[in-house]
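Text of data28.cif (mmCIF, C-alpha atoms) as supplied:
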```
data_final
loop_
_atom_site.label_atom_id
_atom_site.label_comp_id
_atom_site.auth_asym_id
_atom_site.auth_seq_id
_atom_site.Cartn_x
_atom_site.Cartn_y
_atom_site.Cartn_z
CA MET A 1 3.37 16.77 -5.57
CA ASP A 2 4.08 13.63 -3.59
CA VAL A 3 2.06 13.55 -0.37
CA ASP A 4 3.06 10.03 0.64
CA ILE A 5 4.96 11.49 3.57
CA CYS A 6 6.07 8.24 5.21
CA GLY A 7 6.84 6.41 1.95
CA PRO A 8 8.03 8.91 -0.66
CA SER A 9 8.84 6.79 -3.74
CA ILE A 10 8.35 9.46 -6.41
CA PRO A 11 11.96 10.80 -6.27
CA THR A 12 13.37 7.32 -6.96
CA ILE A 13 10.82 6.52 -9.67
CA LEU A 14 11.63 9.78 -11.45
CA GLY A 15 15.41 9.39 -11.12
CA ILE A 16 15.89 12.44 -8.89
CA ALA A 17 16.36 10.73 -5.51
CA SER A 18 19.70 12.40 -4.81
CA GLU A 19 18.36 15.95 -5.23
CA GLN A 20 17.86 18.35 -2.33
CA VAL A 21 15.27 21.10 -2.14
CA HIS A 22 16.61 24.66 -2.24
CA ALA A 23 14.91 27.63 -0.68
CA SER A 24 14.90 30.98 -2.43
CA SER A 25 13.24 34.32 -1.73
CA THR A 26 10.14 33.10 -3.60
CA GLY A 27 9.91 29.84 -1.64
CA TRP A 28 11.12 26.27 -1.99
CA SER A 29 12.07 25.36 -5.54
CA PRO A 30 10.59 22.18 -6.98
CA ILE A 31 13.06 19.67 -8.42
CA TYR A 32 12.78 19.69 -12.20
CA VAL A 33 12.80 16.34 -14.06
CA GLN A 34 12.30 18.23 -17.30
CA ASP A 35 11.88 21.94 -18.02
CA ASN A 36 8.14 21.58 -17.76
CA PHE A 37 7.91 19.01 -15.00
CA GLY A 38 8.66 20.00 -11.41
CA VAL A 39 8.31 17.74 -8.38
CA MET A 40 8.06 18.23 -4.63
CA SER A 41 8.41 15.40 -2.14
CA VAL A 42 9.49 14.98 1.46
CA GLY A 43 12.08 12.62 -0.02
CA PHE A 44 14.13 15.68 -1.05
CA MET A 45 14.26 16.90 2.53
CA LEU A 46 15.72 13.91 4.31
CA PRO A 47 19.40 13.37 5.09
CA SER A 48 19.05 9.69 4.04
CA SER A 49 16.42 7.65 2.25
CA ARG A 50 16.79 5.09 5.04
CA ASP A 51 15.43 7.44 7.69
CA ALA A 52 11.93 6.72 8.94
CA ILE A 53 9.60 9.71 8.88
CA MET A 54 7.87 9.13 12.21
CA TRP A 55 5.22 11.78 11.95
CA ARG A 56 1.66 11.71 13.18
CA GLY A 57 -1.15 13.39 11.25
CA PRO A 58 -0.70 17.04 12.31
CA LYS A 59 2.94 17.14 11.23
CA LYS A 60 2.09 15.49 7.91
CA ASN A 61 -0.72 18.00 7.39
CA GLY A 62 1.67 20.86 8.16
CA LEU A 63 4.07 19.75 5.44
CA ILE A 64 1.27 19.29 2.91
CA SER A 65 0.13 22.82 3.67
CA GLN A 66 3.70 24.06 3.12
CA PHE A 67 3.93 22.17 -0.17
CA LEU A 68 0.91 24.15 -1.35
CA LYS A 69 1.79 27.54 0.17
CA ASP A 70 5.58 27.73 0.32
CA VAL A 71 6.66 26.01 -2.90
CA ASP A 72 7.41 28.28 -5.83
CA TRP A 73 5.42 26.19 -8.32
CA GLY A 74 5.44 28.91 -10.97
CA ASP A 75 2.72 29.00 -13.58
CA LEU A 76 1.28 25.49 -13.64
CA ASP A 77 -0.87 23.83 -16.28
CA TYR A 78 -1.61 20.93 -13.98
CA LEU A 79 -0.91 20.08 -10.35
CA LEU A 80 -0.89 16.32 -9.97
CA ILE A 81 -1.04 15.03 -6.39
CA ASP A 82 0.02 11.47 -5.66
CA THR A 83 -1.54 10.29 -2.40
CA PRO A 84 -0.86 7.17 -0.34
CA PRO A 85 -3.72 4.66 -0.03
CA GLY A 86 -6.38 5.47 2.54
CA THR A 87 -8.93 8.12 3.45
CA SER A 88 -7.20 9.82 6.34
CA ASP A 89 -5.07 12.86 7.14
CA GLU A 90 -3.34 13.33 3.79
CA HIS A 91 -6.58 13.03 1.84
CA LEU A 92 -8.69 15.15 4.16
CA SER A 93 -6.00 17.85 4.26
CA ILE A 94 -5.67 18.05 0.49
CA VAL A 95 -9.42 18.47 0.17
CA GLN A 96 -9.50 21.10 2.90
CA TYR A 97 -6.53 23.12 1.65
CA LEU A 98 -7.65 23.09 -1.98
CA LYS A 99 -11.28 23.89 -1.25
CA GLU A 100 -11.01 27.47 -2.51
CA SER A 101 -9.04 26.69 -5.64
CA GLY A 102 -11.09 23.62 -6.48
CA ILE A 103 -9.98 20.17 -7.56
CA ASP A 104 -10.65 19.01 -11.13
CA GLY A 105 -11.01 15.44 -10.08
CA ALA A 106 -9.52 12.22 -8.78
CA VAL A 107 -8.06 9.37 -10.78
CA VAL A 108 -8.58 6.17 -8.86
CA ILE A 109 -6.10 3.35 -9.47
CA THR A 110 -6.58 -0.27 -8.47
CA THR A 111 -5.30 -3.77 -9.11
CA PRO A 112 -7.85 -6.33 -10.38
CA GLN A 113 -8.54 -8.43 -7.29
CA GLU A 114 -11.56 -7.94 -5.01
CA VAL A 115 -9.48 -7.18 -1.90
CA ALA A 116 -8.01 -4.16 -3.75
CA LEU A 117 -11.38 -3.10 -5.21
CA GLN A 118 -12.78 -2.91 -1.68
CA ASP A 119 -10.26 -0.25 -0.74
CA VAL A 120 -11.04 1.58 -3.95
CA ARG A 121 -14.79 1.52 -3.26
CA ARG A 122 -13.96 3.33 -0.02
CA GLU A 123 -11.85 5.89 -1.93
CA ILE A 124 -14.78 6.49 -4.29
CA ASP A 125 -17.12 6.90 -1.32
CA PHE A 126 -14.61 9.35 0.16
CA CYS A 127 -14.58 11.41 -3.05
CA ARG A 128 -18.36 11.53 -3.17
CA LYS A 129 -18.63 12.55 0.48
CA VAL A 130 -16.15 15.41 0.12
CA GLY A 131 -17.48 16.48 -3.29
CA ILE A 132 -14.56 15.52 -5.53
CA ARG A 133 -15.45 14.37 -9.02
CA VAL A 134 -14.00 10.95 -9.84
CA LEU A 135 -12.59 11.23 -13.36
CA GLY A 136 -12.40 7.47 -13.68
CA ILE A 137 -10.80 4.21 -12.67
CA VAL A 138 -7.53 2.73 -13.94
CA GLU A 139 -6.67 -0.94 -13.59
CA ASN A 140 -2.98 -1.52 -12.90
CA MET A 141 -1.11 -4.89 -12.97
CA SER A 142 -3.80 -6.16 -15.24
CA GLY A 143 -2.53 -9.39 -16.75
CA PHE A 144 0.90 -10.80 -17.49
CA VAL A 145 2.17 -12.18 -20.76
CA CYS A 146 4.86 -14.82 -20.19
CA PRO A 147 7.99 -13.66 -22.04
CA ASN A 148 8.79 -17.30 -22.82
CA CYS A 149 5.52 -18.74 -24.19
CA LYS A 150 3.33 -15.60 -24.65
CA ASN A 151 0.59 -17.20 -22.55
CA GLU A 152 -1.33 -14.58 -20.54
CA SER A 153 -1.84 -15.11 -16.80
CA GLN A 154 -4.11 -13.11 -14.52
CA ILE A 155 -1.68 -12.80 -11.62
CA PHE A 156 -4.07 -10.69 -9.60
CA LYS A 157 -7.27 -12.37 -10.63
CA PRO A 158 -10.31 -10.13 -11.22
CA SER A 159 -12.45 -12.45 -9.05
CA THR A 160 -15.36 -10.02 -9.11
CA GLY A 161 -14.83 -8.48 -12.56
CA GLY A 162 -11.92 -6.14 -11.83
CA ALA A 163 -11.90 -2.38 -12.37
CA LYS A 164 -14.13 -2.54 -15.44
CA ARG A 165 -16.95 -4.11 -13.50
CA LEU A 166 -16.36 -1.70 -10.60
CA ALA A 167 -16.70 1.20 -13.04
CA GLU A 168 -20.04 -0.14 -14.30
CA GLU A 169 -21.23 -0.78 -10.76
CA THR A 170 -20.37 2.77 -9.64
CA GLY A 171 -21.35 4.57 -12.84
CA LEU A 172 -17.79 5.80 -13.35
CA GLU A 173 -15.63 5.78 -16.45
CA PHE A 174 -13.16 2.93 -16.94
CA LEU A 175 -10.05 4.77 -18.10
CA GLY A 176 -8.03 1.72 -19.13
CA ALA A 177 -5.89 -1.19 -17.99
CA VAL A 178 -2.11 -1.25 -17.73
CA PRO A 179 -0.69 -4.77 -18.11
CA LEU A 180 1.80 -6.16 -15.62
CA ASP A 181 5.14 -5.66 -17.33
CA PRO A 182 8.21 -6.38 -15.16
CA ARG A 183 10.05 -3.63 -17.02
CA ILE A 184 7.77 -1.03 -15.42
CA GLY A 185 8.98 -1.88 -11.91
CA LYS A 186 12.54 -2.11 -13.13
CA SER A 187 12.33 1.31 -14.80
CA ALA A 188 10.93 2.73 -11.55
CA ASP A 189 13.79 1.19 -9.54
CA PHE A 190 16.37 2.78 -11.83
CA GLY A 191 14.52 6.07 -12.26
CA VAL A 192 14.26 5.84 -16.03
CA SER A 193 11.18 6.61 -18.10
CA PHE A 194 9.39 3.42 -19.10
CA LEU A 195 7.57 5.37 -21.84
CA ASP A 196 10.86 6.48 -23.40
CA GLU A 197 12.60 3.13 -22.99
CA TYR A 198 9.78 0.92 -24.28
CA PRO A 199 7.71 3.11 -26.60
CA ASP A 200 6.26 0.13 -28.48
CA SER A 201 5.11 -1.87 -25.47
CA PRO A 202 1.40 -2.47 -24.82
CA ALA A 203 1.78 -0.83 -21.40
CA THR A 204 3.07 2.39 -23.04
CA THR A 205 0.07 2.45 -25.35
CA ALA A 206 -2.20 1.96 -22.34
CA TYR A 207 -0.49 4.75 -20.37
CA LEU A 208 -0.69 7.22 -23.26
CA ASP A 209 -4.35 6.46 -23.95
CA ILE A 210 -5.19 6.94 -20.28
CA ILE A 211 -3.25 10.22 -20.11
CA ASP A 212 -5.01 11.51 -23.26
CA ARG A 213 -8.39 10.67 -21.85
CA ILE A 214 -7.66 12.35 -18.50
CA LYS A 215 -6.50 15.46 -20.35
CA GLN A 216 -9.78 15.49 -22.31
CA LEU A 217 -11.74 15.21 -19.09
CA VAL A 218 -10.05 18.09 -17.26
CA ASP A 219 -9.23 20.53 -20.08
CA MET B 220 -5.79 -7.42 15.33
CA ASP B 221 -6.19 -5.43 12.13
CA VAL B 222 -5.08 -1.83 12.60
CA ASP B 223 -5.42 -0.84 8.95
CA ILE B 224 -8.29 1.44 9.92
CA CYS B 225 -8.95 3.00 6.51
CA GLY B 226 -8.43 -0.21 4.52
CA PRO B 227 -9.50 -3.21 6.60
CA SER B 228 -8.98 -6.24 4.33
CA ILE B 229 -8.51 -8.90 7.01
CA PRO B 230 -12.24 -9.72 7.40
CA THR B 231 -12.56 -10.48 3.66
CA ILE B 232 -9.30 -12.43 3.51
CA LEU B 233 -10.39 -14.58 6.45
CA GLY B 234 -13.92 -15.13 5.12
CA ILE B 235 -15.66 -13.30 7.98
CA ALA B 236 -16.56 -10.03 6.24
CA SER B 237 -20.26 -10.26 7.02
CA GLU B 238 -19.75 -10.61 10.77
CA GLN B 239 -20.58 -7.85 13.25
CA VAL B 240 -18.86 -7.24 16.56
CA HIS B 241 -20.93 -7.91 19.66
CA ALA B 242 -20.45 -6.21 22.99
CA SER B 243 -20.81 -8.16 26.22
CA SER B 244 -20.21 -7.33 29.88
CA THR B 245 -16.56 -8.30 29.46
CA GLY B 246 -16.05 -6.12 26.38
CA TRP B 247 -16.25 -6.48 22.63
CA SER B 248 -16.02 -10.08 21.46
CA PRO B 249 -13.51 -10.88 18.74
CA ILE B 250 -14.86 -12.69 15.69
CA TYR B 251 -13.65 -16.29 15.73
CA VAL B 252 -12.40 -17.85 12.47
CA GLN B 253 -11.58 -20.99 14.40
CA ASP B 254 -11.91 -21.86 18.10
CA ASN B 255 -8.38 -20.72 18.69
CA PHE B 256 -8.24 -17.79 16.26
CA GLY B 257 -10.06 -14.56 17.08
CA VAL B 258 -9.96 -11.39 15.01
CA MET B 259 -10.77 -7.73 15.58
CA SER B 260 -11.04 -5.19 12.78
CA VAL B 261 -12.84 -1.93 12.14
CA GLY B 262 -14.34 -3.82 9.19
CA PHE B 263 -16.74 -5.53 11.63
CA MET B 264 -18.06 -2.18 12.81
CA LEU B 265 -19.15 -0.59 9.57
CA PRO B 266 -22.66 -0.68 8.12
CA SER B 267 -21.20 -1.34 4.66
CA SER B 268 -17.79 -2.30 3.31
CA ARG B 269 -18.22 0.51 0.79
CA ASP B 270 -18.18 3.23 3.44
CA ALA B 271 -15.03 5.32 3.64
CA ILE B 272 -13.54 5.60 7.10
CA MET B 273 -12.62 9.28 7.01
CA TRP B 274 -10.71 9.48 10.23
CA ARG B 275 -7.65 11.52 11.07
CA GLY B 276 -4.93 10.21 13.39
CA PRO B 277 -6.49 10.86 16.82
CA LYS B 278 -9.66 8.94 15.99
CA LYS B 279 -7.64 6.04 14.56
CA ASN B 280 -5.48 6.04 17.70
CA GLY B 281 -8.60 5.99 19.86
CA LEU B 282 -9.90 2.87 18.16
CA ILE B 283 -6.54 1.12 18.40
CA SER B 284 -6.50 1.86 22.11
CA GLN B 285 -10.02 0.40 22.40
CA PHE B 286 -8.96 -2.71 20.47
CA LEU B 287 -6.31 -3.27 23.13
CA LYS B 288 -8.32 -2.27 26.21
CA ASP B 289 -11.97 -3.03 25.45
CA VAL B 290 -11.77 -6.28 23.48
CA ASP B 291 -12.27 -9.46 25.45
CA TRP B 292 -9.30 -11.25 23.91
CA GLY B 293 -9.29 -14.02 26.50
CA ASP B 294 -6.09 -15.87 27.26
CA LEU B 295 -3.90 -15.34 24.22
CA ASP B 296 -0.84 -17.26 23.14
CA TYR B 297 -0.02 -14.65 20.52
CA LEU B 298 -1.37 -11.25 19.56
CA LEU B 299 -0.59 -10.61 15.92
CA ILE B 300 -1.02 -7.02 14.75
CA ASP B 301 -1.36 -6.32 11.03
CA THR B 302 -0.42 -2.71 10.32
CA PRO B 303 -0.82 -0.66 7.15
CA PRO B 304 2.39 0.52 5.46
CA GLY B 305 4.04 3.59 6.92
CA THR B 306 5.57 4.88 10.13
CA SER B 307 2.82 7.14 11.37
CA ASP B 308 -0.10 7.21 13.79
CA GLU B 309 -1.01 3.51 13.78
CA HIS B 310 2.60 2.41 14.27
CA LEU B 311 3.49 5.01 16.89
CA SER B 312 0.29 4.27 18.84
CA ILE B 313 0.86 0.52 18.91
CA VAL B 314 4.37 1.08 20.24
CA GLN B 315 3.13 3.55 22.83
CA TYR B 316 0.17 1.49 24.03
CA LEU B 317 2.15 -1.76 24.26
CA LYS B 318 5.18 -0.24 25.93
CA GLU B 319 4.40 -1.78 29.34
CA SER B 320 3.51 -5.23 28.05
CA GLY B 321 6.38 -5.34 25.60
CA ILE B 322 6.42 -6.39 21.95
CA ASP B 323 8.21 -9.60 20.95
CA GLY B 324 9.14 -8.25 17.59
CA ALA B 325 8.19 -7.11 14.12
CA VAL B 326 8.01 -9.19 10.97
CA VAL B 327 8.79 -6.97 8.02
CA ILE B 328 7.29 -7.96 4.66
CA THR B 329 8.36 -6.60 1.30
CA THR B 330 8.15 -7.28 -2.41
CA PRO B 331 11.48 -7.72 -4.26
CA GLN B 332 11.86 -4.40 -6.09
CA GLU B 333 14.01 -1.50 -4.86
CA VAL B 334 11.10 0.95 -4.59
CA ALA B 335 9.46 -1.41 -2.07
CA LEU B 336 12.72 -2.10 -0.22
CA GLN B 337 13.11 1.64 0.37
CA ASP B 338 9.86 1.75 2.32
CA VAL B 339 10.97 -1.29 4.25
CA ARG B 340 14.33 0.27 5.14
CA ARG B 341 12.32 3.08 6.71
CA GLU B 342 10.20 0.55 8.65
CA ILE B 343 13.38 -1.08 9.94
CA ASP B 344 14.75 2.33 10.95
CA PHE B 345 11.43 2.97 12.71
CA CYS B 346 11.70 -0.29 14.67
CA ARG B 347 15.27 0.50 15.71
CA LYS B 348 14.36 4.02 16.82
CA VAL B 349 11.43 2.87 18.97
CA GLY B 350 13.28 -0.19 20.29
CA ILE B 351 11.33 -3.00 18.61
CA ARG B 352 13.31 -6.08 17.68
CA VAL B 353 12.97 -6.98 14.00
CA LEU B 354 12.45 -10.74 13.89
CA GLY B 355 13.26 -10.83 10.20
CA ILE B 356 12.29 -9.99 6.65
CA VAL B 357 9.89 -11.91 4.38
CA GLU B 358 9.88 -11.49 0.61
CA ASN B 359 6.39 -11.67 -0.87
CA MET B 360 5.44 -11.93 -4.58
CA SER B 361 8.84 -13.41 -5.17
CA GLY B 362 8.81 -14.92 -8.65
CA PHE B 363 6.12 -16.35 -10.88
CA VAL B 364 6.09 -19.73 -12.57
CA CYS B 365 4.06 -19.62 -15.80
CA PRO B 366 1.31 -22.24 -15.48
CA ASN B 367 1.62 -22.93 -19.22
CA CYS B 368 5.38 -23.36 -19.81
CA LYS B 369 6.78 -23.50 -16.22
CA ASN B 370 9.22 -20.70 -17.06
CA GLU B 371 9.90 -18.51 -14.01
CA SER B 372 9.55 -14.72 -14.35
CA GLN B 373 10.63 -12.11 -11.83
CA ILE B 374 7.55 -9.91 -12.10
CA PHE B 375 8.77 -7.54 -9.42
CA LYS B 376 12.45 -7.65 -10.27
CA PRO B 377 14.89 -7.66 -7.34
CA SER B 378 16.93 -4.88 -9.03
CA THR B 379 19.10 -4.42 -5.95
CA GLY B 380 19.08 -8.00 -4.62
CA GLY B 381 15.62 -8.17 -3.08
CA ALA B 382 14.83 -8.96 0.54
CA LYS B 383 17.73 -11.39 0.92
CA ARG B 384 20.25 -8.70 0.12
CA LEU B 385 18.41 -6.22 2.35
CA ALA B 386 18.65 -8.73 5.22
CA GLU B 387 22.41 -9.04 4.73
CA GLU B 388 22.79 -5.28 4.46
CA THR B 389 20.85 -4.65 7.68
CA GLY B 390 22.15 -7.65 9.64
CA LEU B 391 18.65 -9.09 9.93
CA GLU B 392 17.39 -12.61 9.33
CA PHE B 393 15.88 -13.48 5.95
CA LEU B 394 12.81 -15.48 6.94
CA GLY B 395 11.91 -16.73 3.47
CA ALA B 396 10.32 -15.93 0.14
CA VAL B 397 6.71 -16.58 -0.88
CA PRO B 398 6.32 -17.04 -4.64
CA LEU B 399 3.69 -15.11 -6.60
CA ASP B 400 0.86 -17.62 -6.96
CA PRO B 401 -2.39 -16.20 -8.39
CA ARG B 402 -4.31 -18.64 -6.21
CA ILE B 403 -3.18 -16.72 -3.09
CA GLY B 404 -4.99 -13.55 -4.18
CA LYS B 405 -7.98 -15.57 -5.32
CA SER B 406 -8.18 -17.38 -1.97
CA ALA B 407 -8.01 -13.99 -0.21
CA ASP B 408 -10.84 -12.63 -2.38
CA PHE B 409 -13.06 -15.58 -1.53
CA GLY B 410 -12.00 -15.79 2.11
CA VAL B 411 -10.77 -19.35 1.91
CA SER B 412 -7.54 -20.69 3.41
CA PHE B 413 -4.85 -21.00 0.77
CA LEU B 414 -2.92 -23.34 3.06
CA ASP B 415 -5.88 -25.72 3.31
CA GLU B 416 -6.83 -25.50 -0.38
CA TYR B 417 -3.33 -25.93 -1.82
CA PRO B 418 -1.33 -27.82 0.81
CA ASP B 419 1.21 -29.08 -1.73
CA SER B 420 2.03 -25.74 -3.36
CA PRO B 421 5.49 -24.20 -3.00
CA ALA B 422 3.88 -21.11 -1.47
CA THR B 423 2.30 -23.22 1.31
CA THR B 424 5.69 -24.75 2.10
CA ALA B 425 7.18 -21.25 2.22
CA TYR B 426 4.41 -19.95 4.51
CA LEU B 427 4.73 -22.89 6.92
CA ASP B 428 8.52 -22.61 7.09
CA ILE B 429 8.27 -18.89 7.81
CA ILE B 430 5.63 -19.43 10.51
CA ASP B 431 7.74 -22.16 12.16
CA ARG B 432 10.78 -19.92 12.20
CA ILE B 433 8.84 -16.97 13.68
CA LYS B 434 7.49 -19.28 16.40
CA GLN B 435 11.03 -20.39 17.22
CA LEU B 436 12.13 -16.78 17.47
CA VAL B 437 9.39 -15.62 19.86
CA ASP B 438 8.75 -18.71 22.00
#
```
The structure in this file should be written as C-alpha cells.
Amino acid sequence: MDVDICGPSIPTILGIASEQVHASSTGWSPIYVQDNFGVMSVGFMLPSSRDAIMWRGPKKNGLISQFLKDVDWGDLDYLLIDTPPGTSDEHLSIVQYLKESGIDGAVVITTPQEVALQDVRREIDFCRKVGIRVLGIVENMSGFVCPNCKNESQIFKPSTGGAKRLAEETGLEFLGAVPLDPRIGKSADFGVSFLDEYPDSPATTAYLDIIDRIKQLVD
Amino acid sequence: MDVDICGPSIPTILGIASEQVHASSTGWSPIYVQDNFGVMSVGFMLPSSRDAIMWRGPKKNGLISQFLKDVDWGDLDYLLIDTPPGTSDEHLSIVQYLKESGIDGAVVITTPQEVALQDVRREIDFCRKVGIRVLGIVENMSGFVCPNCKNESQIFKPSTGGAKRLAEETGLEFLGAVPLDPRIGKSADFGVSFLDEYPDSPATTAYLDIIDRIKQLVD
C-alpha cells in the first residue's frame, strides 16, 4: 500500500504503472505484480502520471482510509505500507486508522549522512510517541564500489557514524546496509526486479538478509 | 525560508542549528548566517532536533503564514523558499499566501533517474495549474567521478535522458547539472559552505553558473 499520495513511485518501480484500478462488488481490486503480491497506489487512479495531485491533508487522509476500508485485499499475510518522509497527515492517519488492528512495527530507512539521520531521529521519536515499535533501521545508499577500479567511495558520507551508530544511540536494531548500486535505480526506472536480475550482487544479499530478519521480527 | 516543517534540514546545512528564534516588537527575528542572509525555519523553534513535529496540514499552514506575516524580514532583495517534495499543503499555502505579492518563479530540482523525473513532472504540472512560472530545471547528483581512478559513473542513471531531456520535453530551460561530490553532503552535515571550502571544484562552478542564470531570469 503506497501512501505517498503526491509522489506515487511504487507503480513504476514495480513495472505496473500502466494499470488502472477496477472496482468490483467487493471493493477496489489491488493490482497484482505476482499471484501473492497485490499493490494499491493513487498512481493507478490518475489519467496521466504527469498530473499533479494537489491535495491537502484531509483529502489525502480520505484516500488512505479508503485504501484500508474499500480495497478488497483478500486474506493477507502482510500489509506493507510505504510512507513518504515526514511525520504529518499520512503518518498520523495510518496510526489512527490502524489503531484497532495494531501495527507490527516500523522499518526506518535512511542514507548515511547526518542531515538524513536527523530526519530519521524525528521518525523514531514519532514512532515512540504514537506507540509503534521500531523493528530496526536500514542504511540505504551505503557505499559505492567503482565499476572501473573497485575502489569504494562513501558518496553519502556517514559523518556521524551512519545508521549503525544511530541504532546504537537509540537502542534499536541495525537491520543492514544496502550498497549504492546504480543498477538498483535503473531497475526501478524500468520496473524490473533487481533481485531477479542481479541475484549475485552484494545489494541482493543485503536485501534478502534484511527481509529475513524483518520476517523473524514480526512472525 | 524553510517550509519543510516536518524535516527542517536548512539550519544544519547552514551551520546555525543551535540558534533559537527571538521575538522583538517588530516580530520574530530571522537567524543571520551573514549580514545579508537571514533564515527562518521551524528548526529554530524546537527544544531538540530529535523531536518529531507531528503536525497535520492546518498547523503547518498556520506556521507558514506566520513566517510570512510575523517575521521581521527587513528589506529583502530576494525571498527564497525551500519546500519539501510534493504538491500538497505547504505548496498550496505558499501560492495562496503570496498571491497578492506575486512569485517570480520556481526552480525545480531533480536527480537524473526516471522515478525522480516523474515527481518533478508533477511539480511542473502543479506550477502550471497555479500559474507559477518555472524558471528552469536543475539536475542534482549528476554523475560521480571516482577519486581513485577518475572514471565517471552515473550513480543515478538518466534512464530516460535526465533533466536535460525533461527540459526539452516540457519546453523549460535546463539551468545546469551539479555533479555528485561527496564533499557536498559532508559540508552540509558540518554546516560549512561548500562554495567557500572547495572554490575550484566542478560542483562550485556549476552552482555559481546556475545562481547567475537564476538572477538573470528574475532581475
Quick one: which residues from chain B are at most 6 Å off chain A, using all atoms listed in the file, as a CSV table (one decimal) with C-alpha atoms, in the coordinates of the input?
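See part20.csv below for the written result:
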```csv
chain,number,residue,atom,x,y,z
B,225,CYS,CA,-9.0,3.0,6.5
B,226,GLY,CA,-8.4,-0.2,4.5
B,269,ARG,CA,-18.2,0.5,0.8
B,270,ASP,CA,-18.2,3.2,3.4
B,271,ALA,CA,-15.0,5.3,3.6
B,273,MET,CA,-12.6,9.3,7.0
B,274,TRP,CA,-10.7,9.5,10.2
B,275,ARG,CA,-7.6,11.5,11.1
B,276,GLY,CA,-4.9,10.2,13.4
B,305,GLY,CA,4.0,3.6,6.9
B,306,THR,CA,5.6,4.9,10.1
B,307,SER,CA,2.8,7.1,11.4
B,308,ASP,CA,-0.1,7.2,13.8
B,333,GLU,CA,14.0,-1.5,-4.9
B,334,VAL,CA,11.1,1.0,-4.6
B,338,ASP,CA,9.9,1.8,2.3
B,340,ARG,CA,14.3,0.3,5.1
B,341,ARG,CA,12.3,3.1,6.7
B,344,ASP,CA,14.8,2.3,11.0
B,345,PHE,CA,11.4,3.0,12.7
B,374,ILE,CA,7.6,-9.9,-12.1
B,375,PHE,CA,8.8,-7.5,-9.4
B,401,PRO,CA,-2.4,-16.2,-8.4
B,408,ASP,CA,-10.8,-12.6,-2.4
```
Hey, what's within 9 Å of stretch 214-217 of chain A if we count all atoms listed in the file and toss same-chain stuff fewer than 4 positions away? As a PyMOL selection string, please? chain A and resi 104+107+135-136+175+209-210
Just how far from atom CA of B:Glu358 is atom CA of B:Phe393, in Å to one decimal?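 Computing it gives 8.3 Å between the two atoms.
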Cut-off 12 Å: closest stretch 313-431 of chain B/stretch 282-298 of chain B atom pairs per residue, using all atoms listed in the file, as CSV:
```
residue,atom,partner,partner_atom,distance
B:Ile313,CA,B:Ile283,CA,7.4
B:Val314,CA,B:Ser284,CA,11.1
B:Gln315,CA,B:Ser284,CA,9.8
B:Tyr316,CA,B:Ser284,CA,7.0
B:Leu317,CA,B:Leu287,CA,8.7
B:Ser320,CA,B:Leu287,CA,11.2
B:Gly321,CA,B:Leu298,CA,11.5
B:Ile322,CA,B:Leu298,CA,9.5
B:Asp323,CA,B:Tyr297,CA,9.7
B:Gly324,CA,B:Leu298,CA,11.1
B:Ala325,CA,B:Leu298,CA,11.8
```
Go ahead and compute the interatomic distance for atom CA of A:Asp35 and atom CA of A:Thr205, in Å to one decimal.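 Pair atom CA of A:Asp35 / atom CA of A:Thr205 returns 23.9 Å.
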Enumerate, as number ranges by chain, the residues matched when the PyMOL selection byres ((chain A and resi 164) around 9) is run on the file above. A: 112, 137-139, 161-163, 165-169, 173-177
Ground truth for the PyMOL selection byres ((chain A and resi 45) around 12), written as a ChimeraX atom specification: /A:5,8,11,17-23,28-31,40-44,46-49,51,53,63,67
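In this structure, atom CA of A:Tyr207 sits 6.8 Å away from atom CA of A:Val178.
Put simply, the PyMOL selection byres ((chain A and resi 81) around 7) in this file takes in Met1, Asp2, Val3, Leu79, Leu80, Asp82 and Thr83 of chain A.
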